[in-house]
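Undergrad: Have a look at the structure that comes next, please.
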There are 2 protein chains.
Amino acid sequence: MKKTLLLLFSFITVGAVAQSTDESAIKQIFDKELVDGKSYPWLEYLTTRVGSRLTGSPGAAAGVEWSRHELENVADSVWLQPVMVPHWLRGQQEVGRILNTKKSGPIDVNVCALGNSVGTGPGGVTGVILEVKNFDDLKKLGEKNIKGKIIFFNRPMDPTKVDAFEAYGGAVDQRAFGASEAAKFGAVGVVVRSMGLNQEDYPHTGALRYTPNVPKIPAIAISTKHAERLSKLIKEEKEVQFYFETHCEMLPDAPSFNVIGEIKGYEYPDEIIVVGGHLDSWDLAQGAHDDGAGCVQAMEVLRLFKIMGIKPKRTIRAVMFMNEENGLRGGLEYAKQAELKKEKHIAAIESDRGGFAPRGFSMSATEAVKTKVKSWKPLLEPYGLTDFNQESGGADIGPLAPQGVAVFEYLPDSQRYFDYHHTPEDTIDKVSKRELELGAASMTALVYLIDKYGF
Amino acid sequence: MKKTLLLLFSFITVGAVAQSTDESAIKQIFDKELVDGKSYPWLEYLTTRVGSRLTGSPGAAAGVEWSRHELENVADSVWLQPVMVPHWLRGQQEVGRILNTKKSGPIDVNVCALGNSVGTGPGGVTGVILEVKNFDDLKKLGEKNIKGKIIFFNRPMDPTKVDAFEAYGGAVDQRAFGASEAAKFGAVGVVVRSMGLNQEDYPHTGALRYTPNVPKIPAIAISTKHAERLSKLIKEEKEVQFYFETHCEMLPDAPSFNVIGEIKGYEYPDEIIVVGGHLDSWDLAQGAHDDGAGCVQAMEVLRLFKIMGIKPKRTIRAVMFMNEENGLRGGLEYAKQAELKKEKHIAAIESDRGGFAPRGFSMSATEAVKTKVKSWKPLLEPYGLTDFNQESGGADIGPLAPQGVAVFEYLPDSQRYFDYHHTPEDTIDKVSKRELELGAASMTALVYLIDKYGF
């Protein structure tokens, strides 16, 4: 009975959309998603049945197959875009240990290898550990103090940044470049405070990038709680010896895919609007907020267009990018192919900040485009989309920007993202169904307007 | 070392605030709370050590004592305002059972008595159960169909309302007045679909109000999942027999208190600005979001003024109201005493929508006051406070409005509130420390501006 009514509602919706005002069309998009959304059951499947999806892993391959299959039900055409990806393996459980303390025996601490790191192998790395806050501290200490030691980067994310991504941006250089920066001065290993704003027991993984022609030294993340403990001990004791052991390794590049589905435009089929998220996740995580949420939201844009019978003027393309986490190969390959094929992308929208409640969209575009999008604010504000002033563009779609494509990033509320980011805590139960749905509808509404009015 | 630095920072802050612009003063308030806030540890204590705080219970008394004690560290003076409160007891665990079905034997369903309800006693209530969506359905069925039956109110909260409180407002009449409305037609008991937007296993309690001179019949809430199941069975079977048993009772009114702490204003000590939350919670809940969050945020307003050395021109008063949940006696008593003592309240701000990320403030005030507050938007928007267009005023401070007091309600994001509301799920682990702190700082910022500029 209820299903029949919903079906009836769908048919009414179909007819109505064409003539409706933008306001009512957008309301219908949100209503449809909130009543009959598929983003949450999709995410439930992706996180609990497919599971973690590190680039090159069987989980990533399963994610490709799953999203290809699901997109076939909602897109006119679906294809896989080949891309070679890094293939990093964590190996067996890491060990982190404070060896000598005056007050007690050895203390095990919660650590994990950073993505792309070389492993220590079975012998581990042992050395005196020195705490620093930034790369300037390394210069001050110099090679004479650092050589043969382990460097502990312990600058916290700044809690006074109201946008948690700003706090992340201010601290993540330690994780991304700390190993090579410390290696330049002869360090033998690196321990990085986890990128999180809370006092937590679990470490946050994440990628590092080795600088060419600098020795590759192993690097681990330590939980924020244990970073505090280690820091306290270093202050109390004269010299603290630290040991860690990791078994990660980088294998040869492996074949993988971006997964692409599209609905062809009826008036300007050559003008493409991309919506996307990244399919890969860290091996430790289900990848619910990062970035299963973005994937199912992008898929939902196509599905809503289809089930609501909205025929787009332009081509709408959903892309599940591969390898955002430790290489960005998917995003780079997508942009490269777009250029080679002389495809005309007019806009790209990415969701990679979690499945939280809407706050706005960032833009990296011409002033004319920005002005046009801001003119739509009254249509979007009733759904919590009030922030259109940020200038970011999203990792995977960023490579399209140099081709003159207007790039947008969906901005959900940022407060809880780094509680889960790159950890085993990034699970489906941390996702609010309604918040996820509001994000999917927000992206669909923006695509609806861009498609209707063009740039 | 770190503590010393923080302390130093505090002293710098103190001196700076007096001369600083509003923008920097508000930034200092947020910074202080995000670095050095006490709202979260306070809430942790209140929820896990004091626990549930139903009006008239030992837990409520412990809450009074705890908040009195804590306020003494941050206020110039603290006192208890006596108020007689209803004393409702749930008694032993409720039973809800679908008795006859064609396909299976009896099915137990998850239910709980509604607050203020009479109990069925040991014999329970048995009857044919009829599903309705609203009070009009009762009229259509009439006494001939309803007499001796149990009425099942099953109109869901409307998921298309983006503001979850609007969805709640559209459904809660069933819980609040359903028992008396059904009793007018001779019903012997009432089952109400829980006020929640998700499919959940646990029922949501909440208050009912009996209409004078209508027989009091017992009422229970049923979990949304089991409401769906019951509804399906009623559609499939010709006649469904339902049984429920509750042991709740209303005892004589009991003595209790509003807890009040204030910092005296140095220039206009007779002008009072109230900030408040309600101390009581449901017996089934820790009352983390409802409304431990509002209490600790109100306490934090005083604490931030004190530790930052901000001397208010006007008197700032934090009030922990008693009995919002099932009587509003505290709010009514506070307003009554304010009128008797001819106190001049210029503004009252309540937080009772959970400890979620800031969205704005609602206002019920003169146009002049609203215009003034809206002129502060540029100062508050950087913290997510963008919505100043709603017209509500808060349950506990509402009774002050007829005295000409401008009343404001803190509006956090609403999406997750009804996942936990009035259930055992309303626990501290559902509260994000940063979201709670941003709310406390939001309230402090508004008080800062009202105090500085007056109305």
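Labels for the structure tokens follow display order: chains A, B, ..., residues from 1 in each chain, ligands from 1.
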Going by DSSP on the backbone, which residues of region 214-352 of chain A come out as strand (DSSP E)? List them as a VMD selection string.
TA: chain A and resid 219 to 222 241 to 245 249 to 263 268 to 278 314 to 321 344 to 350
Undergrad: Using backbone DSSP assignments, extract all alpha helix (DSSP H) residues from region 4-188 of chain B; output them as an NGL selection string.
TA: :B and (4-19 or 22-36 or 39-45 or 58-72 or 135-146 or 164-169 or 173-183)
Undergrad: Next, write the just-selected residues to a file, as a PDB file, in the first residue's frame, keeping C-alpha atoms as the atom set.
TA:
```
ATOM      1  CA  THR B   4      51.919  27.404  32.364  1.00  0.00           C
ATOM      2  CA  LEU B   5      51.549  28.547  28.797  1.00  0.00           C
ATOM      3  CA  LEU B   6      47.789  28.237  28.967  1.00  0.00           C
ATOM      4  CA  LEU B   7      47.732  30.204  32.175  1.00  0.00           C
ATOM      5  CA  LEU B   8      49.858  32.880  30.598  1.00  0.00           C
ATOM      6  CA  PHE B   9      47.471  32.951  27.673  1.00  0.00           C
ATOM      7  CA  SER B  10      44.609  33.482  30.129  1.00  0.00           C
ATOM      8  CA  PHE B  11      46.267  36.547  31.602  1.00  0.00           C
ATOM      9  CA  ILE B  12      46.982  38.015  28.210  1.00  0.00           C
ATOM     10  CA  THR B  13      43.372  37.409  27.287  1.00  0.00           C
ATOM     11  CA  VAL B  14      42.054  39.196  30.349  1.00  0.00           C
ATOM     12  CA  GLY B  15      43.862  42.398  29.590  1.00  0.00           C
ATOM     13  CA  ALA B  16      43.111  42.318  25.924  1.00  0.00           C
ATOM     14  CA  VAL B  17      39.365  41.789  26.055  1.00  0.00           C
ATOM     15  CA  ALA B  18      38.471  45.195  27.440  1.00  0.00           C
ATOM     16  CA  GLN B  19      39.948  47.108  24.525  1.00  0.00           C
ATOM     17  CA  ASP B  22      33.873  42.606  19.199  1.00  0.00           C
ATOM     18  CA  GLU B  23      35.341  40.412  16.514  1.00  0.00           C
ATOM     19  CA  SER B  24      38.467  39.640  18.492  1.00  0.00           C
ATOM     20  CA  ALA B  25      36.572  39.326  21.784  1.00  0.00           C
ATOM     21  CA  ILE B  26      34.323  36.704  20.245  1.00  0.00           C
ATOM     22  CA  LYS B  27      37.276  34.901  18.720  1.00  0.00           C
ATOM     23  CA  GLN B  28      38.892  34.819  22.175  1.00  0.00           C
ATOM     24  CA  ILE B  29      35.718  33.345  23.640  1.00  0.00           C
ATOM     25  CA  PHE B  30      35.663  30.553  21.060  1.00  0.00           C
ATOM     26  CA  ASP B  31      39.416  29.963  21.335  1.00  0.00           C
ATOM     27  CA  LYS B  32      39.228  29.730  25.106  1.00  0.00           C
ATOM     28  CA  GLU B  33      36.371  27.255  25.025  1.00  0.00           C
ATOM     29  CA  LEU B  34      37.947  25.093  22.299  1.00  0.00           C
ATOM     30  CA  VAL B  35      41.322  24.966  24.070  1.00  0.00           C
ATOM     31  CA  ASP B  36      40.303  24.964  27.681  1.00  0.00           C
ATOM     32  CA  SER B  39      31.575  21.816  29.161  1.00  0.00           C
ATOM     33  CA  TYR B  40      32.538  18.296  28.084  1.00  0.00           C
ATOM     34  CA  PRO B  41      34.069  17.043  31.358  1.00  0.00           C
ATOM     35  CA  TRP B  42      31.110  18.602  33.169  1.00  0.00           C
ATOM     36  CA  LEU B  43      28.683  16.773  30.907  1.00  0.00           C
ATOM     37  CA  GLU B  44      30.652  13.561  31.319  1.00  0.00           C
ATOM     38  CA  TYR B  45      30.240  13.836  35.084  1.00  0.00           C
ATOM     39  CA  PRO B  58      17.169  10.889  43.741  1.00  0.00           C
ATOM     40  CA  GLY B  59      19.028  11.526  40.475  1.00  0.00           C
ATOM     41  CA  ALA B  60      17.343  14.899  40.078  1.00  0.00           C
ATOM     42  CA  ALA B  61      18.296  15.789  43.655  1.00  0.00           C
ATOM     43  CA  ALA B  62      21.885  14.770  42.933  1.00  0.00           C
ATOM     44  CA  GLY B  63      21.826  16.941  39.832  1.00  0.00           C
ATOM     45  CA  VAL B  64      20.680  19.917  41.889  1.00  0.00           C
ATOM     46  CA  GLU B  65      23.453  19.386  44.401  1.00  0.00           C
ATOM     47  CA  TRP B  66      26.103  18.865  41.721  1.00  0.00           C
ATOM     48  CA  SER B  67      25.212  21.958  39.709  1.00  0.00           C
ATOM     49  CA  ARG B  68      24.932  24.093  42.845  1.00  0.00           C
ATOM     50  CA  HIS B  69      28.410  22.979  43.848  1.00  0.00           C
ATOM     51  CA  GLU B  70      29.951  23.563  40.424  1.00  0.00           C
ATOM     52  CA  LEU B  71      28.290  26.949  39.993  1.00  0.00           C
ATOM     53  CA  GLU B  72      29.796  28.090  43.296  1.00  0.00           C
ATOM     54  CA  PHE B 135      -7.508  12.729  15.747  1.00  0.00           C
ATOM     55  CA  ASP B 136      -9.775  13.125  12.719  1.00  0.00           C
ATOM     56  CA  ASP B 137      -9.552   9.371  12.206  1.00  0.00           C
ATOM     57  CA  LEU B 138     -10.942   8.951  15.726  1.00  0.00           C
ATOM     58  CA  LYS B 139     -13.970  11.049  14.828  1.00  0.00           C
ATOM     59  CA  LYS B 140     -14.535   9.040  11.671  1.00  0.00           C
ATOM     60  CA  LEU B 141     -14.400   5.758  13.576  1.00  0.00           C
ATOM     61  CA  GLY B 142     -16.601   7.099  16.366  1.00  0.00           C
ATOM     62  CA  GLU B 143     -17.476   5.620  19.724  1.00  0.00           C
ATOM     63  CA  LYS B 144     -19.198   2.548  18.276  1.00  0.00           C
ATOM     64  CA  ASN B 145     -15.939   1.346  16.740  1.00  0.00           C
ATOM     65  CA  ILE B 146     -13.547   2.584  19.422  1.00  0.00           C
ATOM     66  CA  ALA B 164      13.842  17.715  12.507  1.00  0.00           C
ATOM     67  CA  PHE B 165      12.054  19.786  15.159  1.00  0.00           C
ATOM     68  CA  GLU B 166       9.427  20.663  12.570  1.00  0.00           C
ATOM     69  CA  ALA B 167       8.944  16.949  11.894  1.00  0.00           C
ATOM     70  CA  TYR B 168       8.619  16.401  15.664  1.00  0.00           C
ATOM     71  CA  GLY B 169       6.162  19.261  16.020  1.00  0.00           C
ATOM     72  CA  ASP B 173       0.289  15.683  19.360  1.00  0.00           C
ATOM     73  CA  GLN B 174      -0.272  11.908  19.186  1.00  0.00           C
ATOM     74  CA  ARG B 175       1.985  11.385  22.193  1.00  0.00           C
ATOM     75  CA  ALA B 176       0.904  14.461  24.134  1.00  0.00           C
ATOM     76  CA  PHE B 177      -2.871  14.293  23.695  1.00  0.00           C
ATOM     77  CA  GLY B 178      -3.602  10.915  22.085  1.00  0.00           C
ATOM     78  CA  ALA B 179      -4.637   9.210  25.324  1.00  0.00           C
ATOM     79  CA  SER B 180      -7.314  11.736  26.218  1.00  0.00           C
ATOM     80  CA  GLU B 181      -8.508  12.099  22.626  1.00  0.00           C
ATOM     81  CA  ALA B 182      -8.956   8.335  22.341  1.00  0.00           C
ATOM     82  CA  ALA B 183     -10.534   8.125  25.806  1.00  0.00           C
TER      83      ALA B 183
END
```
Undergrad: Hey, which bits of chain A sit within 7 Å of chain B, and for each residue what's the closest pair of atoms and how far apart in Å (one decimal), counting only C-alpha atoms, rows by chain and increasing number, as a tab-separated table?
TA:
```
residue	atom	partner	partner_atom	distance
A:Asp31	CA	B:Thr160	CA	5.0
A:Leu34	CA	B:Thr160	CA	5.8
A:Val35	CA	B:Pro159	CA	6.2
A:Pro159	CA	B:Leu34	CA	5.9
A:Thr160	CA	B:Asp31	CA	5.0
A:Val162	CA	B:Tyr383	CA	6.6
A:Tyr383	CA	B:Val162	CA	6.6
A:Gln415	CA	B:Arg434	CA	6.6
A:Arg416	CA	B:Ser432	CA	6.9
A:Ser432	CA	B:Arg416	CA	6.9
A:Arg434	CA	B:Gln415	CA	6.6
A:Glu435	CA	B:Gln415	CA	6.6
```
Undergrad: Check the smallest atom-to-atom distance from each of A:Asp290, A:Glu325, A:Asp352, A:Glu271 to His421 (chain A) using only C-alpha atoms, then report the winner.
TA: A:Asp290
Undergrad: Which residue gives the smallest distance to Asn323 (chain A) among A:Leu130, A:Ile263, A:Leu208, A:Leu279, with only C-alpha atoms counted?
TA: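 Looking only at the distances to Asn323 (chain A), the closest residue turns out to be A:Leu279.
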Undergrad: If you measure from CA of Val78 (chain B) to CA of Arg303 (chain B), what distance in Å do you get, rounded to one decimal?
TA: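 Computing the Euclidean distance for CA of Val78 (chain B) and CA of Arg303 (chain B) yields 13.3 Å.
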Undergrad: May I have the residues within 12 Å of Ser364 (chain B) as a list in words, using only C-alpha atoms and disregarding those fewer than 5 positions away in the same chain?
TA: Ala347, Ala348, Ile349, Glu350, Val369, Lys370, Thr371, Val373, Phe388, Asn389, Gln390, Glu391, Ser392, Gly393, Gly394, Ile397, Gly398, Pro399, Leu400, Ala401, Pro402, Gly404, Val405, Ala406, Val407, Phe408 and Glu409 of chain B
Undergrad: Determine, counting only C-alpha atoms, which protein, DNA and RNA residues have an atom within 10 Å of an atom of Ile220 (chain B); residues of the same chain fewer than 4 positions away are not included. Present the result as a CSV table (one decimal) with all heavy atoms, in the first residue's frame.
TA:
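Saved result, result00.csv, follows:
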```csv
chain,number,residue,atom,x,y,z
B,94,GLU,N,7.9,-2.6,31.4
B,94,GLU,CA,6.6,-2.7,30.7
B,94,GLU,C,6.6,-3.9,29.8
B,94,GLU,O,7.6,-4.4,29.4
B,94,GLU,CB,6.4,-1.5,29.9
B,94,GLU,CG,6.3,-0.1,30.6
B,94,GLU,CD,7.7,0.5,30.8
B,94,GLU,OE1,8.7,-0.1,30.7
B,94,GLU,OE2,7.7,1.7,31.1
B,95,VAL,N,5.4,-4.4,29.5
B,95,VAL,CA,5.2,-5.5,28.6
B,95,VAL,C,4.3,-5.0,27.5
B,95,VAL,O,3.3,-4.3,27.7
B,95,VAL,CB,4.5,-6.7,29.3
B,95,VAL,CG1,4.3,-7.8,28.2
B,95,VAL,CG2,5.4,-7.2,30.4
B,96,GLY,N,4.6,-5.3,26.2
B,96,GLY,CA,3.7,-5.0,25.1
B,96,GLY,C,3.7,-6.3,24.2
B,96,GLY,O,4.7,-6.9,23.9
B,110,ASN,N,8.7,-3.9,21.6
B,110,ASN,CA,9.4,-3.0,22.6
B,110,ASN,C,8.6,-1.8,22.8
B,110,ASN,O,8.4,-1.0,21.9
B,110,ASN,CB,10.8,-2.6,22.0
B,110,ASN,CG,11.7,-3.9,21.8
B,110,ASN,OD1,11.4,-4.9,22.4
B,110,ASN,ND2,12.7,-3.7,20.9
B,111,VAL,N,8.2,-1.6,24.1
B,111,VAL,CA,7.4,-0.5,24.5
B,111,VAL,C,7.9,0.1,25.8
B,111,VAL,O,8.7,-0.5,26.5
B,111,VAL,CB,5.9,-1.0,24.7
B,111,VAL,CG1,5.3,-1.6,23.4
B,111,VAL,CG2,5.8,-1.9,25.9
B,112,CYS,N,7.4,1.3,26.1
B,112,CYS,CA,7.6,1.9,27.4
B,112,CYS,C,6.5,2.8,27.7
B,112,CYS,O,5.9,3.3,26.8
B,112,CYS,CB,9.0,2.6,27.5
B,112,CYS,SG,9.1,4.1,26.5
B,113,ALA,N,6.1,3.0,29.0
B,113,ALA,CA,5.0,3.8,29.4
B,113,ALA,C,5.4,5.3,29.0
B,113,ALA,O,6.6,5.7,29.1
B,113,ALA,CB,4.8,3.7,30.9
B,114,LEU,N,4.4,6.0,28.6
B,114,LEU,CA,4.6,7.5,28.4
B,114,LEU,C,4.6,8.2,29.8
B,114,LEU,O,3.9,7.8,30.7
B,114,LEU,CB,3.5,8.0,27.5
B,114,LEU,CG,3.6,7.6,26.0
B,114,LEU,CD1,2.5,8.3,25.2
B,114,LEU,CD2,4.9,7.9,25.4
B,115,GLY,N,5.4,9.2,29.9
B,115,GLY,CA,5.5,9.9,31.1
B,115,GLY,C,4.2,10.6,31.5
B,115,GLY,O,3.5,11.1,30.7
B,117,SER,N,1.7,8.9,32.5
B,117,SER,CA,0.6,8.0,32.2
B,117,SER,C,0.2,7.3,33.5
B,117,SER,O,1.1,7.1,34.4
B,117,SER,CB,1.0,7.0,31.2
B,117,SER,OG,0.0,6.0,31.0
B,119,GLY,N,-0.8,3.7,35.2
B,119,GLY,CA,-0.4,2.3,34.9
B,119,GLY,C,-1.6,1.4,34.6
B,119,GLY,O,-2.8,1.8,35.0
B,152,PHE,N,-4.0,2.8,18.3
B,152,PHE,CA,-2.6,2.8,17.9
B,152,PHE,C,-2.4,4.0,17.0
B,152,PHE,O,-2.8,4.0,15.8
B,152,PHE,CB,-2.3,1.5,17.1
B,152,PHE,CG,-0.9,1.4,16.5
B,152,PHE,CD1,0.2,2.0,17.0
B,152,PHE,CD2,-0.8,0.7,15.3
B,152,PHE,CE1,1.4,2.0,16.3
B,152,PHE,CE2,0.4,0.6,14.6
B,152,PHE,CZ,1.6,1.2,15.2
B,175,ARG,N,1.4,11.8,20.9
B,175,ARG,CA,2.0,11.4,22.2
B,175,ARG,C,1.4,12.2,23.3
B,175,ARG,O,1.0,11.7,24.4
B,175,ARG,CB,3.5,11.5,22.2
B,175,ARG,CG,4.2,10.9,23.4
B,175,ARG,CD,5.6,11.4,23.6
B,175,ARG,NE,5.6,12.8,24.1
B,175,ARG,CZ,6.6,13.6,24.0
B,175,ARG,NH1,7.7,13.3,23.3
B,175,ARG,NH2,6.5,14.8,24.5
B,179,ALA,N,-3.9,10.0,24.3
B,179,ALA,CA,-4.6,9.2,25.3
B,179,ALA,C,-6.0,9.8,25.6
B,179,ALA,O,-7.0,9.1,25.5
B,179,ALA,CB,-3.8,9.1,26.6
B,189,GLY,N,-7.0,2.0,26.1
B,189,GLY,CA,-5.5,2.2,26.1
B,189,GLY,C,-5.0,2.8,24.8
B,189,GLY,O,-5.7,2.8,23.8
B,190,VAL,N,-3.8,3.3,24.9
B,190,VAL,CA,-3.2,3.9,23.7
B,190,VAL,C,-1.8,3.4,23.5
B,190,VAL,O,-1.0,3.3,24.4
B,190,VAL,CB,-3.3,5.5,23.8
B,190,VAL,CG1,-2.2,6.2,23.0
B,190,VAL,CG2,-4.7,6.0,23.5
B,191,VAL,N,-1.4,3.2,22.2
B,191,VAL,CA,-0.1,2.8,21.8
B,191,VAL,C,0.4,3.9,20.8
B,191,VAL,O,-0.4,4.1,19.8
B,191,VAL,CB,0.0,1.4,21.1
B,191,VAL,CG1,1.4,1.1,20.7
B,191,VAL,CG2,-0.6,0.4,22.1
B,192,VAL,N,1.5,4.5,21.0
B,192,VAL,CA,1.9,5.6,20.2
B,192,VAL,C,3.3,5.3,19.5
B,192,VAL,O,4.2,4.8,20.2
B,192,VAL,CB,2.1,6.9,20.9
B,192,VAL,CG1,2.5,8.1,20.0
B,192,VAL,CG2,0.8,7.3,21.7
B,193,ARG,N,3.3,5.4,18.2
B,193,ARG,CA,4.6,5.3,17.5
B,193,ARG,C,5.7,6.2,18.1
B,193,ARG,O,5.4,7.4,18.3
B,193,ARG,CB,4.4,5.6,16.0
B,193,ARG,CG,5.6,5.5,15.1
B,193,ARG,CD,5.4,6.1,13.8
B,193,ARG,NE,6.6,5.9,12.9
B,193,ARG,CZ,6.7,4.9,12.0
B,193,ARG,NH1,5.8,4.0,11.9
B,193,ARG,NH2,7.8,4.9,11.3
B,194,SER,N,6.8,5.7,18.3
B,194,SER,CA,7.9,6.6,18.9
B,194,SER,C,8.2,7.8,18.0
B,194,SER,O,8.2,7.7,16.8
B,194,SER,CB,9.1,5.7,19.2
B,194,SER,OG,9.0,4.9,20.3
B,203,PRO,N,12.0,2.1,22.2
B,203,PRO,CA,10.9,3.1,22.2
B,203,PRO,C,11.4,4.4,22.8
B,203,PRO,O,12.4,4.4,23.5
B,203,PRO,CB,9.9,2.5,23.1
B,203,PRO,CG,10.7,1.6,24.0
B,203,PRO,CD,11.9,1.1,23.3
B,204,HIS,N,10.8,5.5,22.4
B,204,HIS,CA,11.1,6.8,23.0
B,204,HIS,C,10.0,7.2,24.0
B,204,HIS,O,8.8,7.2,23.6
B,204,HIS,CB,11.1,7.9,21.9
B,204,HIS,CG,12.1,7.8,20.8
B,204,HIS,ND1,12.9,8.8,20.4
B,204,HIS,CD2,12.5,6.7,20.1
B,204,HIS,CE1,13.7,8.4,19.5
B,204,HIS,NE2,13.5,7.1,19.2
B,205,THR,N,10.3,7.5,25.2
B,205,THR,CA,9.3,7.9,26.1
B,205,THR,C,9.1,9.4,25.9
B,205,THR,O,9.5,10.0,24.9
B,205,THR,CB,9.7,7.6,27.6
B,205,THR,OG1,8.6,7.9,28.4
B,205,THR,CG2,10.9,8.4,28.1
B,206,GLY,N,8.4,10.1,26.8
B,206,GLY,CA,8.0,11.5,26.6
B,206,GLY,C,6.7,11.7,27.3
B,206,GLY,O,6.0,10.7,27.6
B,208,LEU,N,2.8,12.8,28.3
B,208,LEU,CA,1.5,13.0,27.8
B,208,LEU,C,0.8,14.0,28.8
B,208,LEU,O,1.3,14.2,29.9
B,208,LEU,CB,0.7,11.7,27.7
B,208,LEU,CG,0.4,10.9,29.0
B,208,LEU,CD1,-0.7,11.5,29.8
B,208,LEU,CD2,-0.1,9.5,28.5
B,244,PHE,N,-1.0,-4.9,26.8
B,244,PHE,CA,0.1,-4.2,27.5
B,244,PHE,C,-0.1,-4.1,29.0
B,244,PHE,O,-1.2,-4.0,29.5
B,244,PHE,CB,0.6,-3.0,26.8
B,244,PHE,CG,-0.4,-1.8,26.9
B,244,PHE,CD1,-0.2,-0.8,27.9
B,244,PHE,CD2,-1.4,-1.6,26.0
B,244,PHE,CE1,-1.0,0.3,28.0
B,244,PHE,CE2,-2.2,-0.5,26.1
B,244,PHE,CZ,-2.0,0.5,27.1
B,245,GLU,N,1.1,-4.0,29.6
B,245,GLU,CA,1.0,-3.9,31.1
B,245,GLU,C,2.1,-2.9,31.5
B,245,GLU,O,3.2,-3.0,31.1
B,245,GLU,CB,1.4,-5.3,31.6
B,245,GLU,CG,1.3,-5.5,33.1
B,245,GLU,CD,1.8,-6.9,33.6
B,245,GLU,OE1,1.5,-7.9,32.9
B,245,GLU,OE2,2.5,-6.9,34.6
B,246,THR,N,1.6,-1.9,32.3
B,246,THR,CA,2.5,-0.9,32.8
B,246,THR,C,2.3,-0.7,34.3
B,246,THR,O,1.2,-1.0,34.8
B,246,THR,CB,2.4,0.4,32.1
B,246,THR,OG1,1.0,0.9,32.3
B,246,THR,CG2,2.6,0.3,30.6
```
Undergrad: At what distance in Å, to one decimal, does CA of Leu411 (chain B) lie from CA of Ala441 (chain A)?
TA: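 Answer for the CA of Ala441 (chain A) to CA of Leu411 (chain B) separation: 22.3 Å.
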Undergrad: Could you list, as JSON, numbers by chain, every residue within 12 Å of Ile316 (chain B), counting only C-alpha atoms and ignoring same-chain residues fewer than 2 positions away?
TA: {"B": [74, 75, 76, 77, 78, 260, 261, 262, 263, 264, 265, 266, 268, 269, 270, 271, 272, 273, 274, 275, 276, 298, 299, 300, 301, 302, 303, 304, 305, 306, 310, 311, 312, 313, 314, 318, 319, 345, 346, 347, 348, 349, 443, 444, 446, 447, 448, 450, 451, 452]}
